[in-house]
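Working notes for the structure below.
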Amino acid sequence: MSGVKLRGCGHCVPARVVTNDDLARRMDTSDAWISSRTGIRSRHICGEETQAQLCTEAARMALERAGVRPEEIGVCLVATMTPESLMPSTACALQKALGLAQDTVCFDMNAACTGFVYALHTAECLLAASPRRFALVVGGDAMSRIVDWSDRSTCILFGDGAGAAVVEYRPEWPSVGAVLGCDGDSELLYAAGPGSGKTPRIAMEGTRVFKFAVETVSRCIAQVLARTGTAQEDVRWFVLHQANARIIDLAARRCGIGADRLYVNLSQYGNTSAASIPLALSEMQEKGLLHSGDRMVLVGFGGGLTWGGALLDMA
Ligand code: ACO
């Protein structure tokens, strides 16, 4: 088996902070309702910043923390559903901005909020066929551009941001053992694209997505542990998609995971979609919470419906 480990992470969020009280001045909601139902207290919202700029800064920080030079990168993937341009992709913008070699494999992928886990698995597969050892795996979304600001039950959930990870591949390392899936039959979460003739706006059946999320996260954790032959007590951190604190609490309780092994930062950022997992990883590295050899289970879920889990070790 061959696989990747984490070398370093970075993140970038827009300067503007929008609190629950700020939202309550614009719509019929309150800090008490939002924080008790979701755990979210504020989010960062793009002003002048673009999704590509957030991704570039996150990637720059990840390269620096990893101690990896741009020319050592063989694969650059950006998970997003909110790029400014459909073409060139955000990954191509990163190639230029960071000075990645021209033979770097660069493309964007869309698996909604599961995007980072899908991209991590894809990077591992591509590095196995690459002459270089390192990949940049980025998740970046400007969700504020596609939320329906007239729908108080969804717009309060989301925020903008980007997170990036530099991973290293070695033939002797184990695979991240990704468990990925999709149910394309579901209409619980939807955002129209440019070809539809409609304005792209997120629509969601929140209560049903909530149930799907709790079940999916619990199942993915069990599957990742089984696939990689890992005992739950050997996992230092469970980094779950930061959508709603109640989803994380319920799933963790079902799996018997204590709060000391969960990293939760959604109170400041809300749901940043594909950015949520690498943004959490980056903060963890910043706070000195990640040490060589630490094992982490990552689980994402979101539109598609899609889901994915993986076991990522700190190099
Ligand atoms: N402020 C005040 N009241 C509100 C608000 C709000 N912002 N939003 C809804 N309400 C009201 C509703 O109108 C309803 O009122 P009613 O009882 O008079 O009809 C009441 O609050 C309860 O509404 P519910 O939708 O039943 O509230 P629920 O407890 O289910 O919480 C929430 C809603 C927070 C959206 C929850 O269902 C949730 O978190 N779902 C999961 C969403 C998610 O995590 N998505 C992740 C994937 S996103 C992606 O991948 C792109």
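Chain labels A, B, ... are given in the sequence in which chains occur in the structure tokens; within each chain residues are numbered consecutively from 1, and ligands are likewise numbered from 1 in the order shown.
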Could you pull out the residues sitting within 8 Å of ligand 1, using only C-alpha atoms and all ligand atoms, and write them as a PDB file with N, CA and C atoms, in the first residue's frame?
ATOM      1  N   ASP A  28     -35.365  38.416  10.079  1.00  0.00           N
ATOM      2  CA  ASP A  28     -36.087  38.002  11.281  1.00  0.00           C
ATOM      3  C   ASP A  28     -35.396  36.775  11.896  1.00  0.00           C
ATOM      4  N   THR A  29     -34.343  37.044  12.666  1.00  0.00           N
ATOM      5  CA  THR A  29     -33.623  35.969  13.362  1.00  0.00           C
ATOM      6  C   THR A  29     -32.996  36.562  14.617  1.00  0.00           C
ATOM      7  N   SER A  30     -32.259  35.742  15.354  1.00  0.00           N
ATOM      8  CA  SER A  30     -31.620  36.252  16.581  1.00  0.00           C
ATOM      9  C   SER A  30     -30.363  35.445  16.859  1.00  0.00           C
ATOM     10  N   TRP A  33     -31.300  32.160  18.559  1.00  0.00           N
ATOM     11  CA  TRP A  33     -31.793  31.073  17.703  1.00  0.00           C
ATOM     12  C   TRP A  33     -30.616  30.431  16.963  1.00  0.00           C
ATOM     13  N   ILE A  34     -29.790  31.270  16.324  1.00  0.00           N
ATOM     14  CA  ILE A  34     -28.705  30.716  15.491  1.00  0.00           C
ATOM     15  C   ILE A  34     -27.702  29.949  16.351  1.00  0.00           C
ATOM     16  N   ARG A  37     -29.221  26.615  17.773  1.00  0.00           N
ATOM     17  CA  ARG A  37     -29.521  25.562  16.785  1.00  0.00           C
ATOM     18  C   ARG A  37     -28.286  25.071  16.042  1.00  0.00           C
ATOM     19  N   THR A  38     -27.250  25.932  15.966  1.00  0.00           N
ATOM     20  CA  THR A  38     -26.112  25.573  15.099  1.00  0.00           C
ATOM     21  C   THR A  38     -24.745  25.659  15.773  1.00  0.00           C
ATOM     22  N   ALA A 112     -19.072  19.545  -3.485  1.00  0.00           N
ATOM     23  CA  ALA A 112     -19.691  20.399  -2.458  1.00  0.00           C
ATOM     24  C   ALA A 112     -18.866  20.372  -1.168  1.00  0.00           C
ATOM     25  N   CYS A 113     -19.510  20.195  -0.038  1.00  0.00           N
ATOM     26  CA  CYS A 113     -18.785  20.265   1.240  1.00  0.00           C
ATOM     27  C   CYS A 113     -17.881  19.066   1.470  1.00  0.00           C
ATOM     28  N   THR A 114     -18.026  18.016   0.647  1.00  0.00           N
ATOM     29  CA  THR A 114     -17.135  16.851   0.765  1.00  0.00           C
ATOM     30  C   THR A 114     -15.875  17.039  -0.072  1.00  0.00           C
ATOM     31  N   ASP A 151     -33.651  33.641   2.575  1.00  0.00           N
ATOM     32  CA  ASP A 151     -34.042  32.392   3.249  1.00  0.00           C
ATOM     33  C   ASP A 151     -33.278  32.288   4.579  1.00  0.00           C
ATOM     34  N   ARG A 152     -33.910  32.699   5.658  1.00  0.00           N
ATOM     35  CA  ARG A 152     -33.206  32.788   6.954  1.00  0.00           C
ATOM     36  C   ARG A 152     -32.773  31.426   7.484  1.00  0.00           C
ATOM     37  N   SER A 153     -33.413  30.341   6.997  1.00  0.00           N
ATOM     38  CA  SER A 153     -33.039  29.034   7.541  1.00  0.00           C
ATOM     39  C   SER A 153     -31.755  28.488   6.910  1.00  0.00           C
ATOM     40  N   THR A 154     -31.310  29.037   5.787  1.00  0.00           N
ATOM     41  CA  THR A 154     -30.035  28.566   5.205  1.00  0.00           C
ATOM     42  C   THR A 154     -28.940  29.630   5.234  1.00  0.00           C
ATOM     43  N   CYS A 155     -29.275  30.896   4.992  1.00  0.00           N
ATOM     44  CA  CYS A 155     -28.202  31.899   4.839  1.00  0.00           C
ATOM     45  C   CYS A 155     -27.391  32.090   6.114  1.00  0.00           C
ATOM     46  N   ILE A 156     -27.998  31.819   7.267  1.00  0.00           N
ATOM     47  CA  ILE A 156     -27.290  32.011   8.540  1.00  0.00           C
ATOM     48  C   ILE A 156     -26.200  30.960   8.769  1.00  0.00           C
ATOM     49  N   LEU A 157     -26.225  29.892   7.940  1.00  0.00           N
ATOM     50  CA  LEU A 157     -25.316  28.759   8.182  1.00  0.00           C
ATOM     51  C   LEU A 157     -23.921  28.960   7.590  1.00  0.00           C
ATOM     52  N   LEU A 189     -30.522  19.048  -1.164  1.00  0.00           N
ATOM     53  CA  LEU A 189     -29.618  20.196  -1.241  1.00  0.00           C
ATOM     54  C   LEU A 189     -29.415  20.513  -2.710  1.00  0.00           C
ATOM     55  N   ILE A 202     -28.605  28.519  -3.021  1.00  0.00           N
ATOM     56  CA  ILE A 202     -28.699  27.255  -2.287  1.00  0.00           C
ATOM     57  C   ILE A 202     -30.111  27.077  -1.728  1.00  0.00           C
ATOM     58  N   MET A 204     -32.232  24.101   0.613  1.00  0.00           N
ATOM     59  CA  MET A 204     -31.915  22.925   1.431  1.00  0.00           C
ATOM     60  C   MET A 204     -33.094  22.560   2.322  1.00  0.00           C
ATOM     61  N   GLU A 205     -33.313  21.263   2.456  1.00  0.00           N
ATOM     62  CA  GLU A 205     -34.279  20.777   3.458  1.00  0.00           C
ATOM     63  C   GLU A 205     -33.486  20.468   4.718  1.00  0.00           C
ATOM     64  N   GLY A 206     -33.361  21.490   5.571  1.00  0.00           N
ATOM     65  CA  GLY A 206     -32.429  21.441   6.695  1.00  0.00           C
ATOM     66  C   GLY A 206     -32.595  20.263   7.632  1.00  0.00           C
ATOM     67  N   THR A 207     -33.824  19.964   8.007  1.00  0.00           N
ATOM     68  CA  THR A 207     -34.037  18.912   9.005  1.00  0.00           C
ATOM     69  C   THR A 207     -33.624  17.550   8.450  1.00  0.00           C
ATOM     70  N   ARG A 208     -33.944  17.317   7.167  1.00  0.00           N
ATOM     71  CA  ARG A 208     -33.576  16.012   6.576  1.00  0.00           C
ATOM     72  C   ARG A 208     -32.061  15.929   6.331  1.00  0.00           C
ATOM     73  N   VAL A 209     -31.440  17.063   5.958  1.00  0.00           N
ATOM     74  CA  VAL A 209     -29.977  17.064   5.798  1.00  0.00           C
ATOM     75  C   VAL A 209     -29.314  16.795   7.155  1.00  0.00           C
ATOM     76  N   PHE A 210     -29.872  17.336   8.195  1.00  0.00           N
ATOM     77  CA  PHE A 210     -29.343  17.130   9.553  1.00  0.00           C
ATOM     78  C   PHE A 210     -29.289  15.634   9.868  1.00  0.00           C
ATOM     79  N   LYS A 211     -30.398  14.944   9.618  1.00  0.00           N
ATOM     80  CA  LYS A 211     -30.450  13.493   9.930  1.00  0.00           C
ATOM     81  C   LYS A 211     -29.455  12.726   9.065  1.00  0.00           C
ATOM     82  N   ALA A 213     -26.759  13.854   7.833  1.00  0.00           N
ATOM     83  CA  ALA A 213     -25.391  14.173   8.251  1.00  0.00           C
ATOM     84  C   ALA A 213     -24.980  13.349   9.472  1.00  0.00           C
ATOM     85  N   ALA A 243     -20.414  21.987   9.928  1.00  0.00           N
ATOM     86  CA  ALA A 243     -21.699  22.485   9.433  1.00  0.00           C
ATOM     87  C   ALA A 243     -22.587  22.944  10.579  1.00  0.00           C
ATOM     88  N   ASN A 244     -22.592  22.165  11.648  1.00  0.00           N
ATOM     89  CA  ASN A 244     -23.498  22.446  12.758  1.00  0.00           C
ATOM     90  C   ASN A 244     -22.943  21.709  13.987  1.00  0.00           C
ATOM     91  N   ARG A 246     -24.343  20.719  16.564  1.00  0.00           N
ATOM     92  CA  ARG A 246     -25.204  19.632  17.045  1.00  0.00           C
ATOM     93  C   ARG A 246     -24.984  18.357  16.227  1.00  0.00           C
ATOM     94  N   ILE A 247     -24.684  18.513  14.939  1.00  0.00           N
ATOM     95  CA  ILE A 247     -24.376  17.333  14.110  1.00  0.00           C
ATOM     96  C   ILE A 247     -23.103  16.671  14.638  1.00  0.00           C
ATOM     97  N   ASN A 271     -20.379  27.430   8.196  1.00  0.00           N
ATOM     98  CA  ASN A 271     -20.073  26.345   7.264  1.00  0.00           C
ATOM     99  C   ASN A 271     -19.372  26.937   6.037  1.00  0.00           C
ATOM    100  N   SER A 273     -18.034  25.176   3.662  1.00  0.00           N
ATOM    101  CA  SER A 273     -18.100  24.178   2.592  1.00  0.00           C
ATOM    102  C   SER A 273     -16.759  23.452   2.423  1.00  0.00           C
ATOM    103  N   PHE A 301     -19.337  15.869   4.360  1.00  0.00           N
ATOM    104  CA  PHE A 301     -20.634  15.488   3.777  1.00  0.00           C
ATOM    105  C   PHE A 301     -21.254  16.742   3.188  1.00  0.00           C
ATOM    106  N   GLY A 302     -22.124  16.565   2.206  1.00  0.00           N
ATOM    107  CA  GLY A 302     -22.748  17.758   1.638  1.00  0.00           C
ATOM    108  C   GLY A 302     -23.550  17.477   0.393  1.00  0.00           C
ATOM    109  N   GLY A 303     -23.689  18.510  -0.417  1.00  0.00           N
ATOM    110  CA  GLY A 303     -24.530  18.450  -1.608  1.00  0.00           C
ATOM    111  C   GLY A 303     -24.114  17.327  -2.544  1.00  0.00           C
ATOM    112  N   LEU A 305     -26.288  14.114  -2.952  1.00  0.00           N
ATOM    113  CA  LEU A 305     -25.516  14.168  -1.708  1.00  0.00           C
ATOM    114  C   LEU A 305     -24.173  13.452  -1.870  1.00  0.00           C
TER     115      LEU A 305
END
Using DSSP secondary structure from the backbone, list all alpha helix (DSSP H) positions within region 5-233 of chain A, as a ChimeraX atom specification. /A:20-26,31-38,51-66,90-98,115-127,152-155,206-228
Show me, as number ranges by chain, the residues that have an atom within 12 Å of Gln232 (chain A) when counting only C-alpha atoms, minus same-chain residues fewer than 5 positions from it. A: 221-226, 237-238, 252, 255-258, 261, 295-297, 311
For the selection you just gave me, I'd like the residues written to a file as a compact mmCIF listing (two decimals), in the first residue's frame, keeping C-alpha atoms.
# COMPACT_ATOMS: atom_id res chain seq x y z
CA ILE A 221 -15.94 7.04 10.87
CA ALA A 222 -16.65 3.33 11.37
CA GLN A 223 -15.84 2.53 7.72
CA VAL A 224 -12.55 4.45 7.69
CA LEU A 225 -11.40 2.74 10.89
CA ALA A 226 -12.35 -0.68 9.48
CA TRP A 237 -8.23 13.91 16.27
CA PHE A 238 -11.59 13.64 14.53
CA ALA A 252 -19.40 11.90 18.19
CA CYS A 255 -19.29 6.79 18.10
CA GLY A 256 -18.12 7.24 21.71
CA ILE A 257 -15.67 10.03 20.85
CA GLY A 258 -14.93 12.53 23.63
CA ARG A 261 -10.55 14.48 20.39
CA ARG A 295 -3.54 10.19 13.31
CA MET A 296 -6.66 12.08 12.21
CA VAL A 297 -9.99 10.92 10.85
CA LEU A 311 -7.39 8.66 7.82
Atom-to-atom span, CA of Gly3 (chain A) and CA of Val299 (chain A), Å: 17.8 Å
To one decimal place in Å, what is the distance between CA of Ala280 (chain A) and CA of Arg254 (chain A)?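 These two atoms are separated by 22.0 Å.
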Could you name the residues that touch Gly99 (chain A) at 12 Å or less, counting only C-alpha atoms, but leaving out those on the same chain fewer than 6 positions away, as JSON, numbers by chain? {"A": [56, 59, 60, 63, 69, 70, 71, 72, 73, 76, 91, 92, 93]}
Those same residues, written as a short mmCIF file (atom, residue, chain, number, x, y, z; two decimals), in the first residue's frame with all heavy atoms?
data_model
loop_
_atom_site.label_atom_id
_atom_site.label_comp_id
_atom_site.auth_asym_id
_atom_site.auth_seq_id
_atom_site.Cartn_x
_atom_site.Cartn_y
_atom_site.Cartn_z
N THR A 56 -5.24 31.19 -2.90
CA THR A 56 -3.81 31.45 -3.13
C THR A 56 -3.09 31.70 -1.80
O THR A 56 -2.02 31.14 -1.53
CB THR A 56 -3.63 32.68 -4.05
OG1 THR A 56 -4.34 32.44 -5.26
CG2 THR A 56 -2.16 32.93 -4.36
N ALA A 59 -2.83 28.53 0.24
CA ALA A 59 -1.82 27.62 -0.34
C ALA A 59 -0.41 28.11 -0.06
O ALA A 59 0.49 27.32 0.26
CB ALA A 59 -2.05 27.50 -1.84
N ARG A 60 -0.22 29.44 -0.14
CA ARG A 60 1.11 30.01 0.16
C ARG A 60 1.52 29.67 1.60
O ARG A 60 2.65 29.25 1.86
CB ARG A 60 1.03 31.53 -0.01
CG ARG A 60 2.21 32.14 -0.74
CD ARG A 60 2.16 33.65 -0.69
NE ARG A 60 1.25 34.27 -1.62
CZ ARG A 60 1.46 34.41 -2.93
NH1 ARG A 60 2.57 33.95 -3.46
NH2 ARG A 60 0.57 34.98 -3.71
N LEU A 63 2.44 25.94 1.94
CA LEU A 63 3.78 25.63 1.39
C LEU A 63 4.86 26.05 2.39
O LEU A 63 5.81 25.30 2.64
CB LEU A 63 3.99 26.36 0.06
CG LEU A 63 3.27 25.80 -1.17
CD1 LEU A 63 3.37 26.78 -2.33
CD2 LEU A 63 3.86 24.45 -1.57
N ARG A 69 8.96 23.76 -1.62
CA ARG A 69 9.05 24.80 -2.65
C ARG A 69 8.01 24.56 -3.74
O ARG A 69 7.66 23.40 -4.01
CB ARG A 69 10.46 24.81 -3.25
CG ARG A 69 11.52 25.40 -2.33
CD ARG A 69 12.93 25.26 -2.86
NE ARG A 69 13.42 23.90 -2.70
CZ ARG A 69 13.69 23.07 -3.71
NH1 ARG A 69 13.55 23.45 -4.96
NH2 ARG A 69 14.13 21.83 -3.47
N PRO A 70 7.51 25.63 -4.38
CA PRO A 70 6.48 25.46 -5.41
C PRO A 70 6.86 24.45 -6.50
O PRO A 70 6.02 23.67 -6.96
CB PRO A 70 6.34 26.87 -6.01
CG PRO A 70 6.78 27.79 -4.91
CD PRO A 70 7.82 27.05 -4.14
N GLU A 71 8.15 24.42 -6.88
CA GLU A 71 8.56 23.52 -7.97
C GLU A 71 8.58 22.05 -7.54
O GLU A 71 8.74 21.16 -8.37
CB GLU A 71 9.91 23.96 -8.56
CG GLU A 71 11.07 24.02 -7.57
CD GLU A 71 11.21 25.39 -6.87
OE1 GLU A 71 10.22 26.11 -6.72
OE2 GLU A 71 12.35 25.69 -6.46
N GLU A 72 8.39 21.80 -6.25
CA GLU A 72 8.33 20.40 -5.78
C GLU A 72 6.90 19.83 -5.86
O GLU A 72 6.68 18.64 -5.63
CB GLU A 72 8.81 20.30 -4.33
CG GLU A 72 10.29 20.63 -4.14
CD GLU A 72 10.70 20.51 -2.68
OE1 GLU A 72 10.47 21.47 -1.92
OE2 GLU A 72 11.24 19.45 -2.31
N ILE A 73 5.92 20.70 -6.16
CA ILE A 73 4.52 20.26 -6.23
C ILE A 73 4.25 19.59 -7.59
O ILE A 73 4.57 20.13 -8.64
CB ILE A 73 3.57 21.48 -6.06
CG1 ILE A 73 3.75 22.11 -4.66
CG2 ILE A 73 2.11 21.11 -6.32
CD1 ILE A 73 3.28 21.27 -3.49
N CYS A 76 -1.94 19.91 -8.10
CA CYS A 76 -2.60 21.02 -7.39
C CYS A 76 -4.11 20.92 -7.65
O CYS A 76 -4.56 21.11 -8.79
CB CYS A 76 -2.05 22.35 -7.90
SG CYS A 76 -2.97 23.79 -7.29
N ALA A 91 -7.42 26.33 -9.76
CA ALA A 91 -6.14 25.62 -9.68
C ALA A 91 -5.14 26.20 -10.69
O ALA A 91 -3.94 26.31 -10.39
CB ALA A 91 -6.34 24.13 -9.93
N CYS A 92 -5.62 26.60 -11.87
CA CYS A 92 -4.73 27.23 -12.86
C CYS A 92 -4.25 28.59 -12.35
O CYS A 92 -3.10 28.98 -12.58
CB CYS A 92 -5.44 27.39 -14.20
SG CYS A 92 -5.77 25.83 -15.02
N ALA A 93 -5.16 29.32 -11.67
CA ALA A 93 -4.75 30.61 -11.09
C ALA A 93 -3.66 30.39 -10.04
O ALA A 93 -2.72 31.19 -9.93
CB ALA A 93 -5.97 31.30 -10.47
#
Near Glu172 (chain A), counting only C-alpha atoms, which residues have an atom at most 10 Å away, once you skip same-chain residues fewer than 2 positions from it, shown as number ranges by chain? A: 1-4, 169-170, 174-175
Non-local contacts of Ala111 (chain A) (10 Å; only C-alpha atoms; under 3 positions in same chain excluded) as a list of chain:residue names: A:Ala79, A:Thr80, A:Met81, A:Thr114, A:Gly115, A:Phe116, A:Val117, A:Tyr118, A:Ala119, A:Cys182, A:Ser273, A:Ala274, A:Gly300, A:Phe301, A:Gly302, A:Gly303, A:Gly304, A:Leu305, A:Thr306, A:Trp307, A:Gly308
Can you write just those residues out, all heavy atoms, as a compact mmCIF listing (two decimals), in the first residue's frame?
# COMPACT_ATOMS: atom_id res chain seq x y z
N ALA A 79 -10.81 22.12 -4.45
CA ALA A 79 -12.21 21.71 -4.28
C ALA A 79 -13.03 22.96 -4.06
O ALA A 79 -12.76 23.73 -3.14
CB ALA A 79 -12.33 20.78 -3.07
N THR A 80 -14.01 23.18 -4.93
CA THR A 80 -14.84 24.38 -4.81
C THR A 80 -16.12 24.21 -5.60
O THR A 80 -16.17 23.45 -6.57
CB THR A 80 -14.09 25.63 -5.31
OG1 THR A 80 -14.89 26.79 -5.06
CG2 THR A 80 -13.76 25.57 -6.80
N MET A 81 -17.18 24.93 -5.19
CA MET A 81 -18.36 25.04 -6.04
C MET A 81 -18.68 26.51 -6.32
O MET A 81 -19.70 26.84 -6.89
CB MET A 81 -19.57 24.33 -5.44
CG MET A 81 -19.99 24.79 -4.09
SD MET A 81 -21.53 23.97 -3.60
CE MET A 81 -21.33 23.95 -1.84
N THR A 114 -18.03 18.02 0.65
CA THR A 114 -17.14 16.85 0.76
C THR A 114 -15.87 17.04 -0.07
O THR A 114 -15.01 16.17 -0.13
CB THR A 114 -17.87 15.57 0.29
OG1 THR A 114 -19.22 15.60 0.74
CG2 THR A 114 -17.22 14.32 0.83
N GLY A 115 -15.78 18.17 -0.76
CA GLY A 115 -14.73 18.37 -1.76
C GLY A 115 -13.32 18.09 -1.28
O GLY A 115 -12.52 17.48 -2.00
N PHE A 116 -12.98 18.52 -0.06
CA PHE A 116 -11.60 18.35 0.38
C PHE A 116 -11.24 16.88 0.51
O PHE A 116 -10.14 16.46 0.13
CB PHE A 116 -11.35 19.07 1.72
CG PHE A 116 -9.92 18.96 2.17
CD1 PHE A 116 -8.93 19.75 1.60
CD2 PHE A 116 -9.56 18.06 3.16
CE1 PHE A 116 -7.60 19.63 2.00
CE2 PHE A 116 -8.24 17.93 3.57
CZ PHE A 116 -7.26 18.72 2.99
N VAL A 117 -12.15 16.07 1.02
CA VAL A 117 -11.84 14.63 1.20
C VAL A 117 -11.73 13.94 -0.17
O VAL A 117 -10.84 13.12 -0.40
CB VAL A 117 -12.88 13.95 2.10
CG1 VAL A 117 -12.51 12.49 2.35
CG2 VAL A 117 -13.00 14.66 3.44
N TYR A 118 -12.63 14.31 -1.09
CA TYR A 118 -12.53 13.79 -2.46
C TYR A 118 -11.17 14.18 -3.08
O TYR A 118 -10.51 13.38 -3.74
CB TYR A 118 -13.66 14.36 -3.33
CG TYR A 118 -14.89 13.49 -3.46
CD1 TYR A 118 -15.74 13.27 -2.38
CD2 TYR A 118 -15.23 12.90 -4.68
CE1 TYR A 118 -16.88 12.50 -2.50
CE2 TYR A 118 -16.37 12.12 -4.82
CZ TYR A 118 -17.20 11.92 -3.73
OH TYR A 118 -18.32 11.15 -3.86
N ALA A 119 -10.76 15.44 -2.85
CA ALA A 119 -9.52 15.93 -3.46
C ALA A 119 -8.30 15.26 -2.83
O ALA A 119 -7.32 14.96 -3.53
CB ALA A 119 -9.44 17.45 -3.31
N CYS A 182 -21.80 8.76 -2.94
CA CYS A 182 -22.70 9.75 -3.53
C CYS A 182 -24.09 9.15 -3.71
O CYS A 182 -24.23 7.98 -4.08
CB CYS A 182 -22.11 10.14 -4.90
SG CYS A 182 -23.27 10.96 -5.99
N SER A 273 -18.03 25.18 3.66
CA SER A 273 -18.10 24.18 2.59
C SER A 273 -16.76 23.45 2.42
O SER A 273 -16.23 22.92 3.39
CB SER A 273 -18.59 24.86 1.30
OG SER A 273 -18.82 23.89 0.31
N ALA A 274 -16.20 23.45 1.22
CA ALA A 274 -14.97 22.67 0.98
C ALA A 274 -13.79 23.15 1.82
O ALA A 274 -12.81 22.44 2.00
CB ALA A 274 -14.60 22.72 -0.50
N GLY A 300 -16.26 14.42 5.63
CA GLY A 300 -17.03 15.50 4.99
C GLY A 300 -18.36 14.96 4.50
O GLY A 300 -18.52 13.76 4.27
N PHE A 301 -19.34 15.87 4.36
CA PHE A 301 -20.63 15.49 3.78
C PHE A 301 -21.25 16.74 3.19
O PHE A 301 -20.91 17.87 3.60
CB PHE A 301 -21.57 14.91 4.86
CG PHE A 301 -21.83 15.86 5.99
CD1 PHE A 301 -22.86 16.80 5.92
CD2 PHE A 301 -21.02 15.86 7.11
CE1 PHE A 301 -23.07 17.70 6.95
CE2 PHE A 301 -21.23 16.77 8.16
CZ PHE A 301 -22.26 17.69 8.06
N GLY A 302 -22.12 16.57 2.21
CA GLY A 302 -22.75 17.76 1.64
C GLY A 302 -23.55 17.48 0.39
O GLY A 302 -24.01 16.35 0.17
N GLY A 303 -23.69 18.51 -0.42
CA GLY A 303 -24.53 18.45 -1.61
C GLY A 303 -24.11 17.33 -2.54
O GLY A 303 -22.95 16.97 -2.65
N GLY A 304 -25.11 16.78 -3.20
CA GLY A 304 -24.86 15.66 -4.13
C GLY A 304 -25.98 14.64 -4.11
O GLY A 304 -26.57 14.37 -5.12
N LEU A 305 -26.29 14.11 -2.95
CA LEU A 305 -25.52 14.17 -1.71
C LEU A 305 -24.17 13.45 -1.87
O LEU A 305 -24.10 12.46 -2.60
CB LEU A 305 -26.30 13.50 -0.56
CG LEU A 305 -27.63 14.18 -0.21
CD1 LEU A 305 -28.46 13.34 0.72
CD2 LEU A 305 -27.38 15.55 0.40
N THR A 306 -23.17 13.95 -1.20
CA THR A 306 -21.87 13.29 -1.22
C THR A 306 -21.38 13.10 0.21
O THR A 306 -21.83 13.78 1.12
CB THR A 306 -20.83 14.16 -1.96
OG1 THR A 306 -20.81 15.46 -1.36
CG2 THR A 306 -21.12 14.26 -3.44
N TRP A 307 -20.43 12.19 0.37
CA TRP A 307 -19.81 12.00 1.68
C TRP A 307 -18.43 11.38 1.48
O TRP A 307 -18.14 10.79 0.43
CB TRP A 307 -20.67 11.12 2.59
CG TRP A 307 -21.01 9.77 2.01
CD1 TRP A 307 -20.25 8.63 2.06
CD2 TRP A 307 -22.18 9.45 1.25
NE1 TRP A 307 -20.90 7.62 1.40
CE2 TRP A 307 -22.08 8.08 0.90
CE3 TRP A 307 -23.31 10.17 0.84
CZ2 TRP A 307 -23.06 7.43 0.15
CZ3 TRP A 307 -24.27 9.52 0.09
CH2 TRP A 307 -24.15 8.17 -0.24
N GLY A 308 -17.59 11.55 2.48
CA GLY A 308 -16.26 10.97 2.37
C GLY A 308 -15.52 11.02 3.69
O GLY A 308 -15.67 11.98 4.46
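Between CA of Ala142 (chain A) and CA of Arg16 (chain A) there is a distance of 12.7 Å.
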Compare A:Cys220, A:Val17, A:Leu281, A:Val68 by their minimum atom-to-atom distance to Val138 (chain A), counting only C-alpha atoms, and give me the closest one.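 Smallest separation from Val138 (chain A) among the options: A:Leu281.
Proximity ranking of A:Arg132, A:Arg65, A:Lys287, A:Arg25 relative to Tyr263 (chain A) places A:Lys287 first, based on only C-alpha atoms.
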Hey, what's within 9 Å of Ala123 (chain A) if we count only C-alpha atoms and toss same-chain stuff fewer than 6 positions away? As an mmCIF file with N, CA, C and O atoms, in the first residue's frame, please?
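Written file, around-v1.cif:
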data_model
loop_
_atom_site.group_PDB
_atom_site.id
_atom_site.type_symbol
_atom_site.label_atom_id
_atom_site.label_comp_id
_atom_site.auth_asym_id
_atom_site.auth_seq_id
_atom_site.Cartn_x
_atom_site.Cartn_y
_atom_site.Cartn_z
ATOM 1 N N VAL A 4 -0.302 9.074 1.317
ATOM 2 C CA VAL A 4 0.172 10.420 1.658
ATOM 3 C C VAL A 4 0.042 10.687 3.158
ATOM 4 O O VAL A 4 -0.782 10.086 3.845
ATOM 5 N N VAL A 75 1.010 18.006 -8.092
ATOM 6 C CA VAL A 75 -0.452 17.990 -8.273
ATOM 7 C C VAL A 75 -1.038 19.155 -7.475
ATOM 8 O O VAL A 75 -0.665 19.353 -6.315
ATOM 9 N N CYS A 76 -1.939 19.909 -8.097
ATOM 10 C CA CYS A 76 -2.603 21.023 -7.393
ATOM 11 C C CYS A 76 -4.107 20.923 -7.653
ATOM 12 O O CYS A 76 -4.558 21.113 -8.789
ATOM 13 N N LEU A 77 -4.849 20.592 -6.613
ATOM 14 C CA LEU A 77 -6.300 20.418 -6.757
ATOM 15 C C LEU A 77 -7.021 21.438 -5.898
ATOM 16 O O LEU A 77 -6.640 21.676 -4.749
ATOM 17 N N ALA A 135 1.769 17.247 -3.136
ATOM 18 C CA ALA A 135 0.553 17.816 -3.751
ATOM 19 C C ALA A 135 0.020 18.941 -2.864
ATOM 20 O O ALA A 135 0.145 18.892 -1.641
ATOM 21 N N LEU A 136 -0.583 19.906 -3.528
ATOM 22 C CA LEU A 136 -1.336 20.962 -2.832
ATOM 23 C C LEU A 136 -2.801 20.592 -2.954
ATOM 24 O O LEU A 136 -3.312 20.415 -4.069
ATOM 25 N N VAL A 137 -3.470 20.448 -1.823
ATOM 26 C CA VAL A 137 -4.899 20.120 -1.828
ATOM 27 C C VAL A 137 -5.618 21.272 -1.122
ATOM 28 O O VAL A 137 -5.403 21.499 0.067
ATOM 29 N N VAL A 167 0.488 17.720 1.038
ATOM 30 C CA VAL A 167 0.655 16.319 1.426
ATOM 31 C C VAL A 167 1.852 15.727 0.682
ATOM 32 O O VAL A 167 2.172 16.141 -0.434
#
May I ask which of the residues A:Val214, A:Val147, A:Ala178, A:Ala62 is the closest one to Gly8 (chain A), counting only C-alpha atoms?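 So, comparing all the options, the nearest one is A:Ala62.
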Quick one: which region 88-126 of chain A residues come within 12 Å of region 40-54 of chain A, and what is the nearest atom pair for each with the distance in Å to one decimal, counting only C-alpha atoms, rows ordered by chain and ascending number, as a Markdown table?
| residue | atom | partner | partner_atom | distance |
| --- | --- | --- | --- | --- |
| A:Pro88 | CA | A:Ala52 | CA | 10.9 |
| A:Ser89 | CA | A:Ala52 | CA | 9.1 |
| A:Thr90 | CA | A:Ala52 | CA | 5.6 |
| A:Ala91 | CA | A:Ala52 | CA | 8.4 |
| A:Cys92 | CA | A:Ala52 | CA | 9.8 |
| A:Ala93 | CA | A:Ala52 | CA | 7.0 |
| A:Leu94 | CA | A:Ala52 | CA | 7.7 |
| A:Gln95 | CA | A:Ala52 | CA | 11.3 |
| A:Lys96 | CA | A:Ala52 | CA | 11.4 |
| A:Ala97 | CA | A:Gln53 | CA | 9.2 |
| A:Leu98 | CA | A:Gln53 | CA | 11.2 |
| A:Asp108 | CA | A:Ala52 | CA | 11.3 |
